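These notes concern the structure reproduced below.
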Amino acid sequence: MTDPTPLKLLNREQAILEFNRRVLAQAQREDVPLLERLRYVCIVSSNLDEFFEVRFADMLDAARDPLSPVSGADVERVGRAAHTLIDEQYHVFNEQLTPLLRAQRIVILNHADRDEAQRAWVQKFFEREVRPLLVPVGLDPAHPFPQVANKSLHFIARLSGKDAFGRDTRIAIVKVPRVLPRVIKLPAAVSEGRQAFVLLTSVIRAHLEELFPGRKVEAFSQFRVTRDSDLEVDEEEIANLRHALRSGLTTRHFGRAVRLEVVNTCPAELSEFLLEQFALPAAALYRVNGPVNLVRLNELIDQTDAPQLRFQPFEPAWPTRRLPRHKSIFERLKKADVLLHHPFESFEPVVQMLREAVTDPDVLAIKQTIYRTGAKSELMDLLIEAARRGKEVMAVVELKARFDEEANINWAERLEAVGAQVVYGIVGYKTHAKLLMITRRENGKLRRYAHISTGNYNPKTARLYTDLGLLTADAELTSDADSVFRQLASLGKFKAPRRMLLAPFNLHARLLELLGLVEKAALGGYKGARVVVKINALTDAELIHGLLRAAQAGAKVDLIVRGACMLPPGLPGVSDNIVVRSVVGRFLEHTRVLYFRWGEGEEETALYLSSADWMSRNMFRRIEVAWPVLDARLRQRVIDEALLPYLHDTMDAWQLGPDGRSVRISSTGVSAQQALMGLYS
């Protein structure tokens with residue numbers, strides 16, 4: 001096969017920013033409840049923090065490499081796009097949401113807005129809760145510029161006159177401790193019938209001069225620095241990955257600076273001083289019209305008493321017909337597989353299956369991959385209890401799950417302490433596969449049961465992310481799952497599973513082969529040649545070219561890509577047979593579904609669920625699984641619930657253009673997520 005007409009792929013970092021522009025658009029939708037609109041603003045800030053900590057930091061590194069295709073111009077272009085997005089974000093917060101909140105009698109009061117009673121309350125709060133924790137540092141040769149941790153809040157102040165020792169020390173830094181709340185709700189007695197809040201920054205700003213007796217504060221600003229936060233360890237050179245990562249966690253907060261945020265009133269003299277301290281260029285300075293960390297406004301949302309301004313509560317359904325409550329899940333799985341569609345269906349059956357396994361004397365062994373489970377996890381507690389009860393427990397703990405490293409290290413240590421076998425996957429590869437396997441003795445023989453999922457073993461995010469999970473006793477699938485666990489533990493030679501696809505071994509090659517079958521059928525005149533792929537990101541060049549070849553041969557290609565997509569659709573003669581959609585709604589789209597059709601027969605279609613996105617890292621630097629859905633009933637259900645509704649969504653869907661910009665398809669009509677909520681409610 002030859003490569004299709006050459007084309008320039010879209011920039012990955014700009015594609016990530018474009019996804020966040022779609023998220024920010026949720027904050028501007030009148031049909032979204034007001035506090036949820038504010039939450040979308042917070043989500044954008046959280047996403048951008050990670051973007052700078054990881055993606056943009058990597059881009060800066062690549063631009064320094066003379067052999068890298070990333071240029072300084074690329075960095076400048078992405079930086080400008082980030083500036084534009086952040087300016088738009090603050091505009092939405094200040095000009096759209098703040099007036100609407102005020103109309104609902106929910107207000108954030110600056111010092112100038114507060115009356116005498118409110119100022120007196122804030123003064124007492126400052127003296128009682130804040131001032132004892134603040135330690136201003138005046139800069140001089142004996143007090144150099146302090147260590148500033150990643151994303152920590154600080155004030156910089158320029159002072160008048162001389163210090164107590166007669167010296168001209170003009171600059172001081174005040175660190176704001178993380179333990180202090182960033183949003184404080186005023187008591188009803190001084191709120192005048194409203195829900196009134198003050199920001200911690202406003203409290204400190206109002207009393208900043210009190211920290212410097214005998215001197216005046218001539219100028220000041222909040223500031224926050226974002227640092228490169230990817231943990232880098234040379235796995236080939238270390239004896240114990242867990243110990244190395246534990247050590248790295250202490251230094252992560254002080255990586256290379258990549259972004260400096262100040263308020264837009266910050267004098268140039270102070271911002272230039274800060275840029276010099278952090279060795280940053282002027283382009284790395286972000287002047288914002290408001291608090292430098294909008295993420296912390298989640299505290300305001302959580303403290304506001306206004307249920308009518310939130311999404312209506314949605315309780316995931318228990319699949320009663322397919323999985324009757326209070327009956328053995330193992331007995332049910334002997335009859336048929338059970339597919340769970342989260343968050344529309346509850347994650348609780350997965351937890352219940354593990355509970356049943358822990359207390360069942362016939363269960364001999366439990367194996368599970370651990371990627372993101374959270375600091376508190378009933379699943380992990382159950383694994384620990386199983387080990388205590390003498391069952392063979394094997395946990396494949398991914399220590400390098402970004403920003404979850406500490407929680408996973410803690411779980412690994414707790415599991416080891418009770419005798420569980422803990423392995424950390426394979427050096428150089430993240431274990432991203434989602435597998436749980438239970439081995440049970442039945443009638444003198446061993447039988448396996450498994451849960452395979454597109455999402456993490458985290459009951460909290462299972463209520464917020466869309467994912468598909470399969471509970472199965474299928475002999476071939478469970479044998480494949482066992483083979484994956486054996487390989488992760490023994491590091492033996494790869495032996496292809498019967499049904500599963502496994503990265504980094506055969507997943508990428510099989511996907512290209514399936515795209516090739518569709519291309520061949522289209523070239524042969526088959527009008528029904530079809531590819532539908534629902535994933536979170538599409539950045540792998542070979543898979544992109546495979547999609548282009550199939551489309552140019554005449555196959556219809558529909559891509560539902562939540563986040564970054566580097567394939568430019570709609571180019572005449574190149575990609576005009578490809579439609580790329582992105583759905584942004586109440587829940588985070590996380591499901592990976594892969595559909596290929598190259599003929600009319602059942603053996604000429606393939607439907608896979610997968611843990612992997614179509615990115616080179618997932619295909620070659622991670623342990624990922626994809627598995628076929630062979631049961632006709634379950635196949636149709638996946639198509640009807642996880643593909644077709646999204647292809648017909650007109651309310652939450654965006655369509656990507658060849659220039660990398662997205663356009664909302666409509667603001668009315670059908671929402672896939674709302675339809676599924678209705679189906680399961």
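As shown in the structure tokens, the chain order sets the letters A, B, ...; within each chain, residues go from 1, and ligands are also counted from 1 in the order they appear.
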- Query: When DSSP works through the backbone of this structure, what residues of segment 455-501 of chain A end up as helix (DSSP H, G or I), shown as a PyMOL selection string?
  - Reply: chain A and resi 461-463+475-490
- Can you tell me, as a VMD selection string, what residues are no more than 12 Å from segment 666-675 of chain A when counting only C-alpha atoms, ignoring any on the same chain fewer than 6 positions away? chain A and resid 25 to 26 28 to 32 311 to 312 314 341 to 344 464 to 466 582 to 589 640 to 655 681
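For the choices A:Asn506, A:Ser328, A:Gln89, A:Ser616, the atom-to-atom distance to Arg37 of chain A is smallest for A:Gln89 when using only C-alpha atoms.
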- Message: Let's see if you can do this: from backbone DSSP, list all strand (DSSP E) residues in segment 265-427 of chain A, as a ChimeraX atom specification.
- Response: /A:285-288,338-342,363-370,392-397,421-423
